[in-house]
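Structure, as structure tokens:
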Amino acid sequence: MRTSSGEFRTYLEERRGVVDAALERFLCAVPERPERLVAAMRYSVFGGGKRLRPILALSAFDAVGGEGDAVLAPACATELIHTYSLIHDDLPAMDDDDTRRGRPSCHVAFDEATAILAGDALLPLAFEIVAREGGLRPSVRAEIIGELASANGVRGMVAGQQADMDGEGSEATVDAVELIHIRKTARPLRASVIVGALAGGAPAPVLDALSDFGDAMGLAFQIADDLLDETGTAGEMGKAVGKDRQRGKLTYPAAAGIEGARRRAAELVETALGALETFDDRGWALREIARFVVERRS
Ligand code: IPE
Ligand code: IPE
Ligand code: MG
Ligand code: MG
Ligand code: MG
């Protein structure tokens with residue numbers, strides 16, 4: 001069994017390289033103009049980032065025995081959608097954050113209108129590459145598009161973002177926080193796993209197990225993000241910290257305290273690992289990622 005954290009760090013770096021090269025290929029194919037729009041899209045996509053969502057897709061593809069490179073388009077689609085969500089999340093009308101991935105946020109580096117439009121352009125680009133790239137069977141392609149759409153719209157991320165904004169300043173209960181976190185963060189993270197598994201040809205029972213994995217890992221990820229906003233450093237995070245408390249956000253630490261949040265995150269990691277019980281050594285990277293989401297400092 002491979003478990004060394006050094007090996008996992010190397011794995012993350014290698015996968016990040018694969019993802020960045022594929023993103024470069026997809027972004028190179030967009031028109032050169034309007035120059036300002038394309039520059040803002042590239043600025044945000046290539047401005048750092050852990051690439052966790054596409055790496056999850058690649059890891060799930062490997063875990064289900066996928067072969068070839070048909071996973072690259074869906075994997076990159078998850079990162080394009082994620083990047084759009086970050087650009088909009090940082091806007092003055094939303095979280096009003098000036099720093100992202102260690103650099104000025106898109107609306108600071110460019111302007112608000114350009115940032116809105118860069119996000120608007122990244123979202124359909126994600127669907128375009130899944131619709132057009134070769135290597136996926138038509139039925140699988142349709143399922144991947146459906147999964148990405150439902151995880152990121154009114155059933156998922158956008159709904160969670162609305163609830164997050166509506167909740168500012170209200171009483172933080174665990175139920176209210178989980179409802180937000182599941183939709184704004186866990187659904188897109190789960191979708192990253194599912195689209196990788198779909199591309200790899202996973203049958204329904206395997207998809208069910210990975211869905212349980214994604215739900216638990218995804219919620220743990222957002223609890224860790226909340227904790228890092230309280231206990232992390234801006235230098236490590238590449239974004240401002242202490243902002244959630246300042247804005248009266250409904251966070252897990254606000255609802256359950258720092259220790260309560262840590263306990264819940266640890267419990268969710270165990271749930272995520274349990275969901276992978278039937279996977280052999282090919283589930284190694286997914287197991288490592290489940291631990292990583294709560295141990296990370298950035
Ligand atoms: C930040 O996601 C937004 C949340 C859902 C908490 P990441 O922490 O994965 O951000 P990047 O992609 O590495 O910048
Ligand atoms: C954002 O959550 C989740 C998204 C859907 C983008 P946060 O607002 O906590 O993310 P950060 O802390 O700004 O990265
Ligand atoms: Mg937010
Ligand atoms: Mg934010
Ligand atoms: Mg946050």
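Going through the structure tokens in order, the chains are called A, B, and so on, while each chain numbers its residues from 1 and the ligands are numbered from 1 in the order shown.
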Practice problem: Tell me, as a PyMOL selection string, which residues lie within 10 Å of Glu128 (chain A), counting only C-alpha atoms; anything in the same chain fewer than 4 positions away does not count. | Solution: chain A and resi 73+77+122-124+132-133+145
Go ahead and dump the residues you just picked, N, CA and C atoms, as a compact mmCIF listing (two decimals), in the first residue's frame.
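The resulting file, out17.txt, is reproduced below:
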# COMPACT_ATOMS: atom_id res chain seq x y z
N ALA A 73 -10.78 16.53 -20.84
CA ALA A 73 -11.74 17.61 -21.07
C ALA A 73 -12.68 17.79 -19.87
N ALA A 77 -12.81 21.02 -17.46
CA ALA A 77 -14.10 21.71 -17.32
C ALA A 77 -14.37 22.03 -15.85
N LEU A 122 -15.96 31.69 -19.06
CA LEU A 122 -15.34 30.42 -18.63
C LEU A 122 -16.39 29.32 -18.45
N LEU A 123 -17.58 29.70 -17.99
CA LEU A 123 -18.60 28.68 -17.72
C LEU A 123 -19.01 27.93 -19.00
N PRO A 124 -19.45 28.61 -20.04
CA PRO A 124 -19.81 27.85 -21.26
C PRO A 124 -18.60 27.21 -21.95
N ARG A 132 -17.24 18.90 -27.24
CA ARG A 132 -16.52 18.77 -28.52
C ARG A 132 -15.30 17.87 -28.51
N GLU A 133 -14.70 17.66 -27.33
CA GLU A 133 -13.48 16.85 -27.32
C GLU A 133 -13.78 15.40 -27.66
N ILE A 145 -22.08 16.22 -18.92
CA ILE A 145 -22.63 17.58 -19.04
C ILE A 145 -23.75 17.79 -18.02
Leaving out Val71 (chain A) and any residue of its chain fewer than 4 positions from it, which residues lie within 12 Å of it when counting only C-alpha atoms, given as a compact mmCIF listing (two decimals) with N, CA, C and O atoms, in the first residue's frame?
# COMPACT_ATOMS: atom_id res chain seq x y z
N VAL A 18 0.00 17.96 -15.63
CA VAL A 18 -0.86 17.38 -16.67
C VAL A 18 -2.07 18.29 -16.90
O VAL A 18 -2.45 18.59 -18.03
N VAL A 19 -2.67 18.74 -15.80
CA VAL A 19 -3.86 19.60 -15.89
C VAL A 19 -3.50 20.94 -16.54
O VAL A 19 -4.22 21.42 -17.43
N ALA A 22 -3.09 20.63 -20.26
CA ALA A 22 -4.37 20.45 -20.95
C ALA A 22 -5.15 21.76 -20.96
O ALA A 22 -5.75 22.13 -21.97
N PRO A 54 -9.82 19.16 -10.94
CA PRO A 54 -9.39 18.28 -12.04
C PRO A 54 -8.55 17.10 -11.56
O PRO A 54 -8.63 16.01 -12.14
N ILE A 55 -7.77 17.29 -10.51
CA ILE A 55 -6.98 16.16 -10.00
C ILE A 55 -7.92 15.09 -9.45
O ILE A 55 -7.70 13.89 -9.64
N LEU A 56 -9.01 15.53 -8.80
CA LEU A 56 -10.00 14.55 -8.33
C LEU A 56 -10.58 13.76 -9.50
O LEU A 56 -10.78 12.54 -9.40
N ALA A 57 -10.85 14.46 -10.59
CA ALA A 57 -11.40 13.77 -11.77
C ALA A 57 -10.39 12.75 -12.30
O ALA A 57 -10.75 11.60 -12.59
N LEU A 58 -9.13 13.14 -12.37
CA LEU A 58 -8.10 12.21 -12.86
C LEU A 58 -7.94 11.02 -11.91
O LEU A 58 -7.80 9.87 -12.34
N SER A 59 -7.99 11.30 -10.62
CA SER A 59 -7.81 10.23 -9.63
C SER A 59 -8.98 9.25 -9.66
O SER A 59 -8.79 8.04 -9.51
N ALA A 60 -10.19 9.80 -9.85
CA ALA A 60 -11.37 8.92 -9.92
C ALA A 60 -11.32 8.07 -11.19
O ALA A 60 -11.66 6.88 -11.18
N PHE A 61 -10.88 8.68 -12.28
CA PHE A 61 -10.72 7.97 -13.56
C PHE A 61 -9.77 6.78 -13.36
O PHE A 61 -10.06 5.65 -13.77
N ASP A 62 -8.64 7.04 -12.72
CA ASP A 62 -7.68 5.97 -12.45
C ASP A 62 -8.26 4.93 -11.50
O ASP A 62 -8.05 3.73 -11.67
N VAL A 64 -11.21 3.90 -11.15
CA VAL A 64 -12.19 2.98 -11.77
C VAL A 64 -11.58 2.24 -12.97
O VAL A 64 -12.28 1.53 -13.70
N GLY A 65 -10.27 2.41 -13.17
CA GLY A 65 -9.60 1.67 -14.24
C GLY A 65 -9.73 2.31 -15.62
O GLY A 65 -9.62 1.63 -16.64
N GLY A 66 -9.94 3.63 -15.64
CA GLY A 66 -10.06 4.33 -16.92
C GLY A 66 -8.75 4.29 -17.70
O GLY A 66 -7.67 4.27 -17.11
N GLU A 67 -8.88 4.27 -19.02
CA GLU A 67 -7.68 4.25 -19.88
C GLU A 67 -7.76 5.31 -20.95
O GLU A 67 -8.85 5.66 -21.40
N ALA A 75 -12.12 16.96 -16.81
CA ALA A 75 -11.30 17.42 -15.68
C ALA A 75 -11.06 18.92 -15.80
O ALA A 75 -11.25 19.68 -14.84
N CYS A 76 -10.66 19.37 -16.98
CA CYS A 76 -10.41 20.80 -17.17
C CYS A 76 -11.71 21.60 -17.04
O CYS A 76 -11.69 22.74 -16.55
N ALA A 77 -12.81 21.02 -17.46
CA ALA A 77 -14.10 21.71 -17.32
C ALA A 77 -14.37 22.03 -15.85
O ALA A 77 -14.84 23.13 -15.53
N THR A 78 -14.05 21.10 -14.95
CA THR A 78 -14.30 21.38 -13.53
C THR A 78 -13.47 22.57 -13.06
O THR A 78 -13.94 23.38 -12.26
N ILE A 129 -15.91 22.40 -24.21
CA ILE A 129 -14.82 21.42 -24.38
C ILE A 129 -15.31 20.00 -24.12
O ILE A 129 -14.88 19.07 -24.78
N VAL A 130 -16.24 19.85 -23.17
CA VAL A 130 -16.77 18.49 -22.93
C VAL A 130 -17.60 18.05 -24.13
O VAL A 130 -17.55 16.89 -24.56
N GLU A 133 -14.70 17.66 -27.33
CA GLU A 133 -13.48 16.85 -27.32
C GLU A 133 -13.78 15.40 -27.66
O GLU A 133 -14.82 14.87 -27.27
N GLY A 134 -12.85 14.77 -28.31
CA GLY A 134 -13.05 13.37 -28.71
C GLY A 134 -12.87 12.41 -27.55
O GLY A 134 -12.49 12.80 -26.45
N GLY A 135 -13.18 11.15 -27.80
CA GLY A 135 -12.84 10.10 -26.84
C GLY A 135 -13.95 9.68 -25.90
O GLY A 135 -13.82 8.67 -25.23
N LEU A 136 -15.05 10.46 -25.85
CA LEU A 136 -16.13 10.09 -24.94
C LEU A 136 -17.31 9.55 -25.75
O LEU A 136 -17.67 10.13 -26.78
N ARG A 137 -17.92 8.49 -25.25
CA ARG A 137 -19.13 7.99 -25.91
C ARG A 137 -20.23 9.03 -25.73
O ARG A 137 -20.29 9.69 -24.70
N VAL A 140 -22.11 8.98 -22.42
CA VAL A 140 -21.25 9.39 -21.29
C VAL A 140 -21.05 10.90 -21.31
O VAL A 140 -21.12 11.58 -20.28
N ARG A 141 -20.84 11.42 -22.50
CA ARG A 141 -20.67 12.87 -22.65
C ARG A 141 -21.91 13.60 -22.11
O ARG A 141 -21.80 14.58 -21.38
N ILE A 144 -21.99 13.49 -18.32
CA ILE A 144 -20.99 14.40 -17.74
C ILE A 144 -21.51 15.83 -17.79
O ILE A 144 -21.43 16.58 -16.80
N SER A 192 -16.77 16.61 -9.60
CA SER A 192 -15.43 16.41 -10.17
C SER A 192 -15.06 14.93 -10.12
O SER A 192 -14.49 14.39 -11.08
N VAL A 193 -15.39 14.29 -9.01
CA VAL A 193 -15.12 12.86 -8.86
C VAL A 193 -15.99 12.07 -9.84
O VAL A 193 -15.50 11.17 -10.56
N ILE A 194 -17.27 12.42 -9.88
CA ILE A 194 -18.23 11.66 -10.70
C ILE A 194 -17.88 11.76 -12.19
O ILE A 194 -17.92 10.77 -12.91
N VAL A 195 -17.53 12.97 -12.66
CA VAL A 195 -17.25 13.08 -14.10
C VAL A 195 -16.00 12.28 -14.48
O VAL A 195 -15.92 11.69 -15.56
N GLY A 196 -15.03 12.23 -13.57
CA GLY A 196 -13.84 11.42 -13.83
C GLY A 196 -14.21 9.94 -13.91
O GLY A 196 -13.74 9.22 -14.80
N ALA A 197 -15.08 9.52 -13.00
CA ALA A 197 -15.49 8.11 -12.98
C ALA A 197 -16.34 7.78 -14.19
O ALA A 197 -16.22 6.69 -14.78
N LEU A 198 -17.21 8.72 -14.60
CA LEU A 198 -18.03 8.49 -15.80
C LEU A 198 -17.13 8.34 -17.03
O LEU A 198 -17.32 7.44 -17.85
N ALA A 199 -16.14 9.21 -17.13
CA ALA A 199 -15.21 9.13 -18.27
C ALA A 199 -14.47 7.80 -18.27
O ALA A 199 -14.09 7.29 -19.33
N GLY A 200 -14.25 7.26 -17.08
CA GLY A 200 -13.54 5.98 -16.96
C GLY A 200 -14.44 4.77 -17.12
O GLY A 200 -13.99 3.64 -16.97
N GLY A 201 -15.73 5.01 -17.35
CA GLY A 201 -16.65 3.89 -17.61
C GLY A 201 -17.16 3.20 -16.36
O GLY A 201 -17.53 2.01 -16.41
Quiz prompt | Selection near Arg101 (chain A), 12 Å with only C-alpha atoms, sequence-local residues under 5 positions removed, as a PyMOL selection string | solution = chain A and resi 43-51+83+86-87+90+106+234-240+298
Keeping only all heavy atoms, write the selected residues as a short mmCIF file (atom, residue, chain, number, x, y, z; two decimals), in the first residue's frame.
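The result, written out as again.cif:
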data_model
loop_
_atom_site.label_atom_id
_atom_site.label_comp_id
_atom_site.auth_asym_id
_atom_site.auth_seq_id
_atom_site.Cartn_x
_atom_site.Cartn_y
_atom_site.Cartn_z
N TYR A 43 -5.63 35.12 -17.05
CA TYR A 43 -5.08 35.60 -15.77
C TYR A 43 -5.63 34.75 -14.63
O TYR A 43 -4.89 34.32 -13.75
CB TYR A 43 -5.48 37.07 -15.59
CG TYR A 43 -5.09 37.67 -14.25
CD1 TYR A 43 -3.82 38.21 -14.06
CD2 TYR A 43 -6.00 37.70 -13.19
CE1 TYR A 43 -3.46 38.77 -12.84
CE2 TYR A 43 -5.65 38.26 -11.96
CZ TYR A 43 -4.38 38.79 -11.79
OH TYR A 43 -4.04 39.33 -10.58
N SER A 44 -6.93 34.52 -14.65
CA SER A 44 -7.53 33.79 -13.53
C SER A 44 -7.28 32.29 -13.62
O SER A 44 -7.05 31.64 -12.60
CB SER A 44 -9.04 34.08 -13.47
OG SER A 44 -9.23 35.41 -13.06
N VAL A 45 -7.32 31.74 -14.82
CA VAL A 45 -7.11 30.29 -14.93
C VAL A 45 -5.67 29.92 -14.60
O VAL A 45 -5.41 28.91 -13.94
CB VAL A 45 -7.47 29.79 -16.36
CG1 VAL A 45 -7.04 28.33 -16.55
CG2 VAL A 45 -8.97 29.93 -16.61
N PHE A 46 -4.73 30.75 -15.02
CA PHE A 46 -3.31 30.40 -14.80
C PHE A 46 -2.69 31.15 -13.63
O PHE A 46 -1.49 31.30 -13.55
CB PHE A 46 -2.52 30.60 -16.10
CG PHE A 46 -2.98 29.68 -17.19
CD1 PHE A 46 -3.66 30.16 -18.29
CD2 PHE A 46 -2.78 28.30 -17.07
CE1 PHE A 46 -4.12 29.30 -19.28
CE2 PHE A 46 -3.24 27.43 -18.06
CZ PHE A 46 -3.91 27.92 -19.16
N GLY A 47 -3.54 31.59 -12.71
CA GLY A 47 -3.02 32.33 -11.56
C GLY A 47 -2.78 31.45 -10.35
O GLY A 47 -3.10 31.84 -9.23
N GLY A 48 -2.24 30.26 -10.52
CA GLY A 48 -2.01 29.38 -9.36
C GLY A 48 -3.24 28.54 -9.10
O GLY A 48 -4.06 28.33 -9.99
N GLY A 49 -3.39 28.10 -7.86
CA GLY A 49 -4.52 27.21 -7.55
C GLY A 49 -4.03 25.79 -7.42
O GLY A 49 -3.11 25.36 -8.11
N LYS A 50 -4.70 25.06 -6.56
CA LYS A 50 -4.26 23.69 -6.26
C LYS A 50 -4.64 22.70 -7.36
O LYS A 50 -4.13 21.60 -7.41
CB LYS A 50 -4.90 23.23 -4.94
CG LYS A 50 -4.38 23.97 -3.72
CD LYS A 50 -5.06 23.51 -2.43
CE LYS A 50 -6.48 23.95 -2.29
NZ LYS A 50 -6.68 25.41 -2.18
N ARG A 51 -5.63 23.09 -8.18
CA ARG A 51 -6.15 22.20 -9.24
C ARG A 51 -6.79 20.95 -8.64
O ARG A 51 -6.72 19.85 -9.23
CB ARG A 51 -5.04 21.77 -10.22
CG ARG A 51 -4.24 22.91 -10.84
CD ARG A 51 -5.10 23.86 -11.61
NE ARG A 51 -4.32 24.72 -12.51
CZ ARG A 51 -4.75 25.91 -12.91
NH1 ARG A 51 -5.88 26.43 -12.46
NH2 ARG A 51 -4.04 26.62 -13.76
N THR A 83 -12.96 28.21 -11.51
CA THR A 83 -12.31 29.51 -11.65
C THR A 83 -13.35 30.61 -11.87
O THR A 83 -13.26 31.69 -11.27
CB THR A 83 -11.30 29.49 -12.82
OG1 THR A 83 -10.35 28.45 -12.57
CG2 THR A 83 -10.56 30.82 -12.94
N LEU A 86 -14.87 31.43 -8.55
CA LEU A 86 -13.98 32.24 -7.69
C LEU A 86 -13.98 33.70 -8.13
O LEU A 86 -14.00 34.61 -7.30
CB LEU A 86 -12.55 31.69 -7.73
CG LEU A 86 -12.31 30.30 -7.16
CD1 LEU A 86 -10.84 29.91 -7.31
CD2 LEU A 86 -12.73 30.21 -5.70
N ILE A 87 -13.94 33.93 -9.44
CA ILE A 87 -13.95 35.32 -9.94
C ILE A 87 -15.21 36.03 -9.45
O ILE A 87 -15.15 37.15 -8.93
CB ILE A 87 -13.90 35.36 -11.49
CG1 ILE A 87 -12.59 34.78 -12.02
CG2 ILE A 87 -14.08 36.79 -11.99
CD1 ILE A 87 -12.56 34.62 -13.55
N ASP A 90 -15.41 36.70 -5.59
CA ASP A 90 -14.58 37.80 -5.09
C ASP A 90 -15.14 39.18 -5.41
O ASP A 90 -14.62 40.19 -4.90
CB ASP A 90 -13.16 37.70 -5.70
CG ASP A 90 -12.37 36.54 -5.13
OD1 ASP A 90 -12.70 36.09 -4.02
OD2 ASP A 90 -11.41 36.09 -5.79
N CYS A 106 -9.46 39.12 -9.97
CA CYS A 106 -9.66 39.47 -11.38
C CYS A 106 -10.24 40.88 -11.53
O CYS A 106 -9.77 41.67 -12.36
CB CYS A 106 -10.59 38.44 -12.02
SG CYS A 106 -10.68 38.59 -13.81
N ALA A 234 -2.73 34.60 5.49
CA ALA A 234 -3.00 35.09 4.13
C ALA A 234 -1.88 34.66 3.20
O ALA A 234 -2.12 34.33 2.03
CB ALA A 234 -3.15 36.61 4.14
N GLY A 235 -0.64 34.64 3.71
CA GLY A 235 0.50 34.25 2.88
C GLY A 235 0.35 32.84 2.35
O GLY A 235 0.53 32.59 1.16
N GLU A 236 0.00 31.92 3.25
CA GLU A 236 -0.16 30.53 2.82
C GLU A 236 -1.40 30.35 1.95
O GLU A 236 -1.41 29.61 0.97
CB GLU A 236 -0.26 29.60 4.04
CG GLU A 236 1.07 29.32 4.70
CD GLU A 236 0.93 28.52 5.99
OE1 GLU A 236 0.11 28.91 6.86
OE2 GLU A 236 1.63 27.51 6.11
N MET A 237 -2.48 31.05 2.32
CA MET A 237 -3.77 30.84 1.63
C MET A 237 -3.83 31.56 0.28
O MET A 237 -4.64 31.20 -0.57
CB MET A 237 -4.92 31.35 2.51
CG MET A 237 -5.15 30.56 3.78
SD MET A 237 -5.65 28.87 3.41
CE MET A 237 -7.38 29.10 2.99
N GLY A 238 -3.03 32.61 0.13
CA GLY A 238 -3.10 33.38 -1.12
C GLY A 238 -4.38 34.19 -1.23
O GLY A 238 -4.76 34.64 -2.31
N LYS A 239 -5.07 34.35 -0.09
CA LYS A 239 -6.30 35.18 -0.06
C LYS A 239 -6.43 35.71 1.37
O LYS A 239 -5.79 35.18 2.29
CB LYS A 239 -7.52 34.36 -0.47
CG LYS A 239 -7.83 33.14 0.41
CD LYS A 239 -8.94 32.27 -0.17
CE LYS A 239 -9.26 31.10 0.76
NZ LYS A 239 -10.22 30.14 0.17
N ALA A 240 -7.25 36.73 1.54
CA ALA A 240 -7.40 37.33 2.86
C ALA A 240 -7.96 36.30 3.84
O ALA A 240 -8.71 35.41 3.45
CB ALA A 240 -8.34 38.53 2.77
N SER A 298 -3.21 25.47 2.71
CA SER A 298 -3.51 26.47 1.68
C SER A 298 -4.66 25.97 0.81
O SER A 298 -5.04 24.81 0.89
CB SER A 298 -2.29 26.74 0.82
OG SER A 298 -1.96 25.58 0.08
#
Dump as JSON lines the rows for residues of region 156-189 of chain A within 12 Å of region 224-233 of chain A: closest atom pair and distance in Å with one decimal, only C-alpha atoms counted, ordered by chain and rising residue number.
{"residue": "A:Val177", "atom": "CA", "partner": "A:Asp226", "partner_atom": "CA", "distance": 10.7}
{"residue": "A:Glu178", "atom": "CA", "partner": "A:Asp226", "partner_atom": "CA", "distance": 11.9}
{"residue": "A:His181", "atom": "CA", "partner": "A:Asp226", "partner_atom": "CA", "distance": 10.0}
{"residue": "A:Thr185", "atom": "CA", "partner": "A:Asp225", "partner_atom": "CA", "distance": 10.2}
{"residue": "A:Ala186", "atom": "CA", "partner": "A:Asp225", "partner_atom": "CA", "distance": 12.0}
Take the residues from that selection and put them in a file with C-alpha atoms, as a compact mmCIF listing (two decimals), in the first residue's frame.
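As written to disk, again33.txt reads:
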# COMPACT_ATOMS: atom_id res chain seq x y z
CA VAL A 177 -24.20 25.94 7.51
CA GLU A 178 -24.25 22.39 6.15
CA HIS A 181 -21.63 24.16 2.29
CA THR A 185 -18.76 23.43 -2.36
CA ALA A 186 -19.51 19.73 -1.87
Quiz item: Near region 209-212 of chain A, counting only C-alpha atoms, which residues have an atom at most 10 Å away, once you skip same-chain residues fewer than 2 positions from it, shown as a ChimeraX atom specification?
Solution: /A:60,63-64,187,189-191,193-194,197,202,204-207,214-218,271-279,286
Practice problem: Apply DSSP to the structure's backbone, then extract all residues of region 39-266 of chain A labelled helix (DSSP H, G or I) and return them as JSON, numbers by chain. | Solution: {"A": [39, 40, 41, 42, 43, 44, 45, 52, 53, 54, 55, 56, 57, 58, 59, 60, 61, 62, 63, 72, 73, 74, 75, 76, 77, 78, 79, 80, 81, 82, 83, 84, 85, 86, 87, 88, 89, 106, 107, 108, 109, 112, 113, 114, 115, 116, 117, 118, 119, 120, 121, 122, 123, 124, 125, 126, 127, 128, 129, 130, 131, 132, 138, 139, 140, 141, 142, 143, 144, 145, 146, 147, 148, 149, 150, 151, 152, 157, 158, 159, 160, 161, 162, 163, 164, 165, 166, 167, 174, 175, 176, 177, 178, 179, 180, 181, 182, 183, 184, 185, 186, 187, 188, 189, 190, 191, 192, 193, 194, 195, 196, 197, 198, 199, 204, 205, 206, 207, 208, 209, 210, 211, 212, 213, 214, 215, 216, 217, 218, 219, 220, 221, 222, 223, 224, 225, 226, 227, 228, 229, 230, 231, 234, 235, 236, 237, 243, 244, 245, 246, 247, 252, 253, 254, 255, 256, 257, 258, 259, 260, 261, 262, 263, 264, 265, 266]}
